[in-house]
Amino acid sequence: MSGAKHFGKESLMEYLNHQLLPYEEKYGKRADETETNTRLIGVVHRAYEQTGQKVVVIIDEYDAPLLDVVHEDDNLSELRRTMQNFYSPLKMLDPYLEFVFITGITKFSQLSIFSELKNLFNISMTDQYSAICGVSITELITQMHRDVQLFAEALGISYEEMLALLKKHYDGYHFSKQSEDVFNPFSLILAMANHELGNYWFGTGTPSYVINVMRKFHVGVRDIESKSVTIDDFDVSPEQMTNVLPLLYQSGYLTIKSYNPITSRYILDYPNREVRLGMLRSLAPNYLSPNMIDNSTFLGDFLDCLCAYDVDGALERLRAYMASISNRLSNKNERDVQTVIYLIFSLLGAHVRVEEASAIGRADVVIYLPDAVFVMELKYDGSAQEAIRQIDEKGYLVPYSADGRRLFKIGVNYDSAKRTLGEWLVAEA
């Protein structure tokens, strides 16, 4: 069903027609079989009669026709009825069926499309099937051991270092309480083929239905990270969604990071670096410049200045950049500014940790370079001196004091009247 996207009812009916035709050419068709559901019944009956064997039905991406309209109540209802009518014969065909296997992204389960199929068994969150899709860590270190070794040799690093990089970029998926680690197969295989770590999955584009639903529920950039939830919060049908978590989990943008059996709560978060950066880049135009080239140019210039230890130059660029986007902020308040700062520095990727925890506090931004570490604290209508004082009092530099790199502390004040950076102070420790 993967080809049935961006369709209205008539187009969807035509697509189902084309899907049934090859089977009817093979097994035959009666003249009175005009509807998609009666045609499906006829195909199964004749396949059973002509072969003497029960039929296996495999439906891949069963929910594809509905995903692009999941945020549109009217269209969703109409297309759902069309698909429900098509799938409905599967129950009455039970005596002729050996096995039915249905895959999809979302859980349009017994509550909607398959309301008449009472004997469906949802294996999505069952431990024994948790690694059925994707590449498990066991498969990677056994069947794909040679591929990992060749990748490591191409990059001039050890097998263990290569494995760690692959885990950081493409691992992290867990689909049950005791799930094995699962890698994104699309990105993993392309990375091995190219001998280059890249954002391959997000390179194909973020599905519009994800962004549309996030807008529908007014989801902020930081509203979907490290969420503590119950299973009822994310393993539900899209029709019952009261927030975006079910869609983000079911479509692979969030995954299970841990489960607490005492409270029966799950922690959901981005599975890996590729997905996190990809999602942030997809959401960035809602908060930063709508032109991603402008964002990339600024980020590159900012990092170039820091590599040359030109902190003032980097902050001047940040001041100018924030001044150019501040009028696009929705509420012009501290939370909006925090979101923008969070996005800007998160998009710097591997060089930056945002809200990095230390023993007695949490630094706003920590920037890592090969020869230096920059710790930044930001105040909203406060003072740069206050920010520097907090860095010292909270010991934000202490975790980095023993690795031999130059250490810089940066105190920055955001001026809400000017809607950009005000004063700042820079000191080398």
# chains A, B, ... in the order shown; residues from 1 in each chain; ligands from 1
$ residues_around --residues "Leu248 of chain A" --least-positions-apart "4" --cutoff "12 Å" --atoms "only C-alpha atoms" --output "ChimeraX atom specification"
/A:105-107,206-207,209-214,219,223-225,227,233-236,238,241,243-244,252-256,268-271,275-276,279
$ write_last_selection --atoms "N, CA and C atoms" --output "compact mmCIF listing (two decimals), in the first residue's frame"
# COMPACT_ATOMS: atom_id res chain seq x y z
N ILE A 105 2.86 1.87 10.03
CA ILE A 105 3.55 2.79 10.94
C ILE A 105 2.71 3.04 12.18
N THR A 106 1.45 3.36 11.97
CA THR A 106 0.61 3.78 13.08
C THR A 106 -0.37 2.68 13.48
N LYS A 107 -1.04 2.92 14.59
CA LYS A 107 -1.91 1.91 15.17
C LYS A 107 -3.37 2.22 14.88
N THR A 206 11.53 14.82 5.76
CA THR A 206 10.61 14.53 6.86
C THR A 206 9.19 14.47 6.31
N PRO A 207 8.48 13.38 6.57
CA PRO A 207 7.10 13.27 6.06
C PRO A 207 6.25 14.45 6.50
N TYR A 209 3.14 14.61 7.08
CA TYR A 209 2.13 14.34 8.09
C TYR A 209 2.67 14.54 9.49
N VAL A 210 3.98 14.29 9.69
CA VAL A 210 4.58 14.48 11.02
C VAL A 210 4.58 15.96 11.39
N ILE A 211 5.06 16.80 10.48
CA ILE A 211 5.13 18.23 10.74
C ILE A 211 3.72 18.80 10.91
N ASN A 212 2.78 18.35 10.09
CA ASN A 212 1.40 18.86 10.18
C ASN A 212 0.77 18.53 11.53
N VAL A 213 0.98 17.33 12.01
CA VAL A 213 0.39 16.95 13.30
C VAL A 213 1.08 17.70 14.44
N MET A 214 2.38 17.92 14.34
CA MET A 214 3.07 18.69 15.37
C MET A 214 2.54 20.12 15.42
N VAL A 219 3.28 21.73 19.11
CA VAL A 219 4.39 21.08 19.79
C VAL A 219 5.65 21.92 19.65
N ASP A 223 9.51 19.98 23.63
CA ASP A 223 8.38 19.30 24.28
C ASP A 223 8.38 17.80 24.08
N ILE A 224 9.30 17.27 23.27
CA ILE A 224 9.24 15.85 22.92
C ILE A 224 10.47 15.08 23.35
N GLU A 225 11.33 15.69 24.14
CA GLU A 225 12.55 15.02 24.58
C GLU A 225 12.39 14.49 26.00
N LYS A 227 10.50 12.25 27.58
CA LYS A 227 9.16 12.29 28.13
C LYS A 227 8.86 11.03 28.94
N ASP A 233 -0.27 6.66 26.71
CA ASP A 233 0.05 7.96 26.15
C ASP A 233 0.62 7.87 24.74
N PHE A 234 1.19 6.69 24.38
CA PHE A 234 1.86 6.64 23.08
C PHE A 234 1.49 5.42 22.23
N ASP A 235 0.85 4.41 22.79
CA ASP A 235 0.48 3.24 22.01
C ASP A 235 -1.03 3.25 21.76
N VAL A 236 -1.50 4.30 21.11
CA VAL A 236 -2.92 4.47 20.86
C VAL A 236 -3.15 4.74 19.38
N PRO A 238 -4.34 6.78 16.11
CA PRO A 238 -4.27 8.21 15.79
C PRO A 238 -5.58 8.96 16.03
N MET A 241 -5.60 10.37 19.51
CA MET A 241 -4.47 11.18 19.95
C MET A 241 -4.93 12.50 20.56
N ASN A 243 -2.20 14.26 21.87
CA ASN A 243 -0.91 14.92 21.67
C ASN A 243 -0.17 14.17 20.58
N VAL A 244 1.02 14.63 20.24
CA VAL A 244 1.73 14.09 19.09
C VAL A 244 2.58 12.87 19.42
N GLY A 252 8.79 6.29 14.41
CA GLY A 252 10.23 6.12 14.57
C GLY A 252 11.00 7.36 14.97
N TYR A 253 10.32 8.46 15.28
CA TYR A 253 11.04 9.67 15.67
C TYR A 253 11.34 9.69 17.17
N LEU A 254 10.58 8.96 17.93
CA LEU A 254 10.87 8.73 19.34
C LEU A 254 10.88 7.23 19.57
N THR A 255 11.59 6.80 20.62
CA THR A 255 11.62 5.38 20.93
C THR A 255 11.70 5.20 22.44
N ILE A 256 11.54 3.98 22.89
CA ILE A 256 11.62 3.68 24.32
C ILE A 256 13.07 3.67 24.76
N LEU A 268 10.46 8.16 26.76
CA LEU A 268 10.59 8.26 25.32
C LEU A 268 11.58 9.36 24.97
N ASP A 269 12.41 9.12 23.97
CA ASP A 269 13.36 10.14 23.52
C ASP A 269 13.78 9.80 22.10
N TYR A 270 14.56 10.73 21.50
CA TYR A 270 15.11 10.45 20.17
C TYR A 270 15.97 9.19 20.24
N PRO A 271 15.88 8.32 19.24
CA PRO A 271 16.68 7.09 19.29
C PRO A 271 18.17 7.32 19.12
N VAL A 275 18.46 11.04 14.09
CA VAL A 275 17.05 11.42 14.20
C VAL A 275 16.89 12.74 14.93
N ARG A 276 17.67 12.93 16.00
CA ARG A 276 17.55 14.17 16.76
C ARG A 276 17.90 15.39 15.90
N MET A 279 15.27 15.94 13.13
CA MET A 279 14.04 16.55 13.60
C MET A 279 14.24 18.03 13.90
$ residues_around --residues "Leu166 of chain A" --least-positions-apart "3" --cutoff "9 Å" --atoms "only C-alpha atoms" --output "PDB file with N, CA and C atoms, in the first residue's frame"
ATOM      1  N   VAL A 148      31.404  -4.133   9.135  1.00  0.00           N
ATOM      2  CA  VAL A 148      31.836  -3.144  10.127  1.00  0.00           C
ATOM      3  C   VAL A 148      33.355  -3.005  10.090  1.00  0.00           C
ATOM      4  N   GLU A 161      35.888   1.218  17.838  1.00  0.00           N
ATOM      5  CA  GLU A 161      35.531   2.620  17.627  1.00  0.00           C
ATOM      6  C   GLU A 161      34.446   2.753  16.553  1.00  0.00           C
ATOM      7  N   MET A 162      34.547   1.922  15.517  1.00  0.00           N
ATOM      8  CA  MET A 162      33.554   1.962  14.450  1.00  0.00           C
ATOM      9  C   MET A 162      32.186   1.533  14.975  1.00  0.00           C
ATOM     10  N   LEU A 163      32.173   0.500  15.790  1.00  0.00           N
ATOM     11  CA  LEU A 163      30.918   0.019  16.360  1.00  0.00           C
ATOM     12  C   LEU A 163      30.270   1.095  17.231  1.00  0.00           C
ATOM     13  N   HIS A 169      25.116   6.906  15.887  1.00  0.00           N
ATOM     14  CA  HIS A 169      24.386   7.508  14.778  1.00  0.00           C
ATOM     15  C   HIS A 169      23.081   6.788  14.438  1.00  0.00           C
ATOM     16  N   TYR A 170      23.073   5.454  14.513  1.00  0.00           N
ATOM     17  CA  TYR A 170      21.945   4.727  13.934  1.00  0.00           C
ATOM     18  C   TYR A 170      21.263   3.734  14.871  1.00  0.00           C
ATOM     19  N   ASP A 171      21.765   3.574  16.082  1.00  0.00           N
ATOM     20  CA  ASP A 171      21.190   2.627  17.031  1.00  0.00           C
ATOM     21  C   ASP A 171      20.124   3.341  17.868  1.00  0.00           C
ATOM     22  N   PHE A 183      19.025  -1.141  14.992  1.00  0.00           N
ATOM     23  CA  PHE A 183      19.572  -0.069  14.173  1.00  0.00           C
ATOM     24  C   PHE A 183      18.619   0.255  13.022  1.00  0.00           C
ATOM     25  N   LEU A 188      21.985   2.567   8.132  1.00  0.00           N
ATOM     26  CA  LEU A 188      23.138   1.701   8.416  1.00  0.00           C
ATOM     27  C   LEU A 188      23.727   1.124   7.136  1.00  0.00           C
ATOM     28  N   ALA A 191      25.358   3.839   4.967  1.00  0.00           N
ATOM     29  CA  ALA A 191      26.616   4.274   5.563  1.00  0.00           C
ATOM     30  C   ALA A 191      27.723   3.269   5.263  1.00  0.00           C
ATOM     31  N   LEU A 197      29.567   8.272   7.426  1.00  0.00           N
ATOM     32  CA  LEU A 197      28.466   8.462   8.365  1.00  0.00           C
ATOM     33  C   LEU A 197      27.668   9.683   7.927  1.00  0.00           C
TER      34      LEU A 197
END
$ residues_around --residues "Val56 of chain A" --least-positions-apart "3" --cutoff "6 Å" --atoms "only C-alpha atoms" --output "PyMOL selection string"
chain A and resi 98-100
$ select_by_dssp --residues "segment 355-393 of chain A" --states "strand (DSSP E)" --output "ChimeraX atom specification"
/A:355-357,362-369,372-380
$ residues_around --residues "Leu155 of chain A" --least-positions-apart "2" --cutoff "12 Å" --atoms "only C-alpha atoms" --output "compact mmCIF listing (two decimals) with N, CA, C and O atoms, in the first residue's frame"
# COMPACT_ATOMS: atom_id res chain seq x y z
N VAL A 148 31.40 -4.13 9.14
CA VAL A 148 31.84 -3.14 10.13
C VAL A 148 33.35 -3.01 10.09
O VAL A 148 33.90 -1.90 10.16
N GLN A 149 34.06 -4.14 9.96
CA GLN A 149 35.52 -4.12 9.92
C GLN A 149 36.03 -3.34 8.71
O GLN A 149 36.95 -2.53 8.82
N LEU A 150 35.42 -3.56 7.55
CA LEU A 150 35.83 -2.84 6.34
C LEU A 150 35.57 -1.34 6.47
O LEU A 150 36.36 -0.51 6.02
N PHE A 151 34.45 -0.99 7.10
CA PHE A 151 34.12 0.42 7.33
C PHE A 151 35.18 1.04 8.24
O PHE A 151 35.65 2.16 7.99
N ALA A 152 35.56 0.33 9.28
CA ALA A 152 36.57 0.83 10.21
C ALA A 152 37.90 1.05 9.50
O ALA A 152 38.58 2.07 9.71
N GLU A 153 38.28 0.11 8.66
CA GLU A 153 39.55 0.24 7.93
C GLU A 153 39.52 1.44 6.99
O GLU A 153 40.52 2.16 6.83
N ILE A 157 40.13 3.62 11.78
CA ILE A 157 39.88 3.47 13.21
C ILE A 157 39.70 2.00 13.54
O ILE A 157 39.64 1.14 12.64
N SER A 158 39.62 1.68 14.82
CA SER A 158 39.47 0.30 15.24
C SER A 158 38.03 -0.19 15.06
O SER A 158 37.10 0.61 14.91
N TYR A 159 37.87 -1.51 15.11
CA TYR A 159 36.54 -2.09 15.01
C TYR A 159 35.65 -1.59 16.14
O TYR A 159 34.48 -1.26 15.92
N GLU A 161 35.89 1.22 17.84
CA GLU A 161 35.53 2.62 17.63
C GLU A 161 34.45 2.75 16.55
O GLU A 161 33.53 3.57 16.67
N MET A 162 34.55 1.92 15.52
CA MET A 162 33.55 1.96 14.45
C MET A 162 32.19 1.53 14.97
O MET A 162 31.16 2.14 14.66
N LEU A 165 30.62 4.35 16.91
CA LEU A 165 30.10 5.40 16.04
C LEU A 165 28.77 4.98 15.40
O LEU A 165 27.83 5.78 15.30
N ALA A 191 25.36 3.84 4.97
CA ALA A 191 26.62 4.27 5.56
C ALA A 191 27.72 3.27 5.26
O ALA A 191 28.86 3.65 4.93
N MET A 192 27.40 1.99 5.36
CA MET A 192 28.41 0.97 5.08
C MET A 192 28.76 0.92 3.60
O MET A 192 29.92 0.72 3.23
N ASN A 194 28.68 3.45 1.51
CA ASN A 194 29.43 4.66 1.15
C ASN A 194 30.68 4.86 1.98
O ASN A 194 31.49 5.74 1.68
N HIS A 195 30.81 4.08 3.07
CA HIS A 195 31.90 4.28 4.04
C HIS A 195 31.92 5.72 4.54
O HIS A 195 32.97 6.36 4.64
N GLU A 196 30.72 6.21 4.85
CA GLU A 196 30.58 7.58 5.34
C GLU A 196 29.37 7.67 6.26
O GLU A 196 28.28 7.20 5.91
N LEU A 197 29.57 8.27 7.43
CA LEU A 197 28.47 8.46 8.37
C LEU A 197 27.67 9.68 7.93
O LEU A 197 28.18 10.80 7.92
$ residues_around --residues "segment 42-52 of chain A" --least-positions-apart "6" --cutoff "12 Å" --atoms "only C-alpha atoms" --output "list in words"
Gln19, Leu20, Leu21, Pro22, Tyr23, Glu24, Glu25, Lys26, Tyr27, Gly28, Lys29, Arg30, Ala31, Asp32, Glu33, Thr34, Glu35, Thr36, Pro89, Leu90, Met92, Leu93, Asp94, Pro95, Tyr96, Leu97 and Glu98 of chain A
$ write_last_selection --atoms "N, CA, C and O atoms" --output "short mmCIF file (atom, residue, chain, number, x, y, z; two decimals), in the first residue's frame"
data_model
loop_
_atom_site.label_atom_id
_atom_site.label_comp_id
_atom_site.auth_asym_id
_atom_site.auth_seq_id
_atom_site.Cartn_x
_atom_site.Cartn_y
_atom_site.Cartn_z
N GLN A 19 -4.20 -2.84 -7.63
CA GLN A 19 -3.58 -3.84 -6.76
C GLN A 19 -4.24 -5.21 -6.93
O GLN A 19 -3.57 -6.24 -6.82
N LEU A 20 -5.54 -5.24 -7.18
CA LEU A 20 -6.27 -6.50 -7.30
C LEU A 20 -6.13 -7.15 -8.68
O LEU A 20 -6.20 -8.37 -8.82
N LEU A 21 -5.93 -6.33 -9.71
CA LEU A 21 -5.92 -6.84 -11.09
C LEU A 21 -4.94 -8.00 -11.33
O LEU A 21 -5.32 -9.00 -11.96
N PRO A 22 -3.68 -7.92 -10.88
CA PRO A 22 -2.75 -9.04 -11.17
C PRO A 22 -3.23 -10.37 -10.59
O PRO A 22 -3.04 -11.43 -11.21
N TYR A 23 -3.86 -10.33 -9.41
CA TYR A 23 -4.35 -11.57 -8.80
C TYR A 23 -5.57 -12.10 -9.56
O TYR A 23 -5.76 -13.32 -9.69
N GLU A 24 -6.39 -11.17 -10.04
CA GLU A 24 -7.56 -11.59 -10.82
C GLU A 24 -7.14 -12.16 -12.17
O GLU A 24 -7.78 -13.08 -12.71
N GLU A 25 -6.08 -11.64 -12.75
CA GLU A 25 -5.57 -12.18 -14.01
C GLU A 25 -5.05 -13.60 -13.81
O GLU A 25 -5.14 -14.45 -14.70
N LYS A 26 -4.54 -13.88 -12.63
CA LYS A 26 -3.99 -15.21 -12.35
C LYS A 26 -5.07 -16.20 -11.95
O LYS A 26 -5.06 -17.36 -12.39
N TYR A 27 -6.02 -15.77 -11.09
CA TYR A 27 -6.99 -16.71 -10.53
C TYR A 27 -8.40 -16.55 -11.11
O TYR A 27 -9.27 -17.38 -10.86
N GLY A 28 -8.65 -15.46 -11.85
CA GLY A 28 -9.95 -15.26 -12.45
C GLY A 28 -10.81 -14.27 -11.68
O GLY A 28 -10.49 -13.86 -10.56
N LYS A 29 -11.95 -13.88 -12.31
CA LYS A 29 -12.84 -12.89 -11.72
C LYS A 29 -14.25 -13.10 -12.26
O LYS A 29 -14.44 -13.35 -13.46
N ARG A 30 -15.24 -13.00 -11.34
CA ARG A 30 -16.64 -13.09 -11.76
C ARG A 30 -17.17 -11.70 -12.09
O ARG A 30 -16.74 -10.70 -11.52
N ALA A 31 -18.17 -11.65 -12.96
CA ALA A 31 -18.72 -10.38 -13.42
C ALA A 31 -19.41 -9.61 -12.30
O ALA A 31 -19.44 -8.37 -12.32
N ASP A 32 -19.97 -10.34 -11.32
CA ASP A 32 -20.69 -9.65 -10.25
C ASP A 32 -19.78 -9.13 -9.15
O ASP A 32 -20.24 -8.53 -8.19
N GLU A 33 -18.49 -9.37 -9.28
CA GLU A 33 -17.52 -8.87 -8.28
C GLU A 33 -17.04 -7.49 -8.74
O GLU A 33 -16.09 -7.36 -9.51
N THR A 34 -17.74 -6.47 -8.25
CA THR A 34 -17.45 -5.11 -8.70
C THR A 34 -16.83 -4.23 -7.62
O THR A 34 -16.07 -3.30 -7.93
N GLU A 35 -17.15 -4.50 -6.37
CA GLU A 35 -16.57 -3.73 -5.26
C GLU A 35 -15.24 -4.33 -4.84
O GLU A 35 -15.00 -5.53 -5.03
N THR A 36 -14.40 -3.50 -4.25
CA THR A 36 -13.06 -3.98 -3.86
C THR A 36 -13.14 -5.11 -2.85
O THR A 36 -12.33 -6.05 -2.89
N PRO A 89 -13.44 -8.20 4.57
CA PRO A 89 -13.67 -9.63 4.29
C PRO A 89 -12.69 -10.56 4.99
O PRO A 89 -12.94 -11.77 5.03
N LEU A 90 -11.59 -10.06 5.50
CA LEU A 90 -10.59 -10.95 6.09
C LEU A 90 -11.16 -11.80 7.22
O LEU A 90 -10.71 -12.92 7.45
N MET A 92 -14.42 -13.00 7.52
CA MET A 92 -15.23 -14.09 6.98
C MET A 92 -14.42 -15.08 6.16
O MET A 92 -14.84 -16.22 5.92
N LEU A 93 -13.22 -14.67 5.73
CA LEU A 93 -12.37 -15.55 4.93
C LEU A 93 -11.50 -16.46 5.80
O LEU A 93 -10.69 -17.23 5.28
N ASP A 94 -11.67 -16.38 7.08
CA ASP A 94 -10.81 -17.13 8.01
C ASP A 94 -10.65 -18.61 7.65
O ASP A 94 -9.54 -19.14 7.72
N PRO A 95 -11.69 -19.33 7.24
CA PRO A 95 -11.51 -20.76 6.90
C PRO A 95 -10.57 -21.00 5.72
O PRO A 95 -10.04 -22.10 5.56
N TYR A 96 -10.34 -19.96 4.91
CA TYR A 96 -9.51 -20.11 3.72
C TYR A 96 -8.09 -19.55 3.92
O TYR A 96 -7.27 -19.61 3.01
N LEU A 97 -7.84 -19.00 5.10
CA LEU A 97 -6.58 -18.30 5.34
C LEU A 97 -5.67 -19.10 6.26
O LEU A 97 -6.08 -19.58 7.32
N GLU A 98 -4.42 -19.23 5.85
CA GLU A 98 -3.40 -19.87 6.68
C GLU A 98 -2.76 -18.87 7.63
O GLU A 98 -2.48 -19.17 8.78
#
$ closest_atom_pairs --of "segment 384-416 of chain A" --to "segment 310-321 of chain A" --cutoff "10 Å" --atoms "only C-alpha atoms" --output "CSV"
residue,atom,partner,partner_atom,distance
A:Phe408,CA,A:Val311,CA,9.1
A:Ile410,CA,A:Val311,CA,8.5
A:Val412,CA,A:Leu315,CA,9.0
A:Tyr414,CA,A:Arg319,CA,9.3
$ write_last_selection --atoms "C-alpha atoms" --output "PDB file, in the first residue's frame"
ATOM      1  CA  PHE A 408      36.622  29.705  28.268  1.00  0.00           C
ATOM      2  CA  ILE A 410      31.162  33.165  28.487  1.00  0.00           C
ATOM      3  CA  VAL A 412      25.748  36.540  27.951  1.00  0.00           C
ATOM      4  CA  TYR A 414      19.639  38.707  26.318  1.00  0.00           C
TER       5      TYR A 414
END
$ select_by_dssp --residues "segment 245-344 of chain A" --states "alpha helix (DSSP H)" --output "PyMOL selection string"
chain A and resi 245-250+273-283+292-307+311-325+334-344
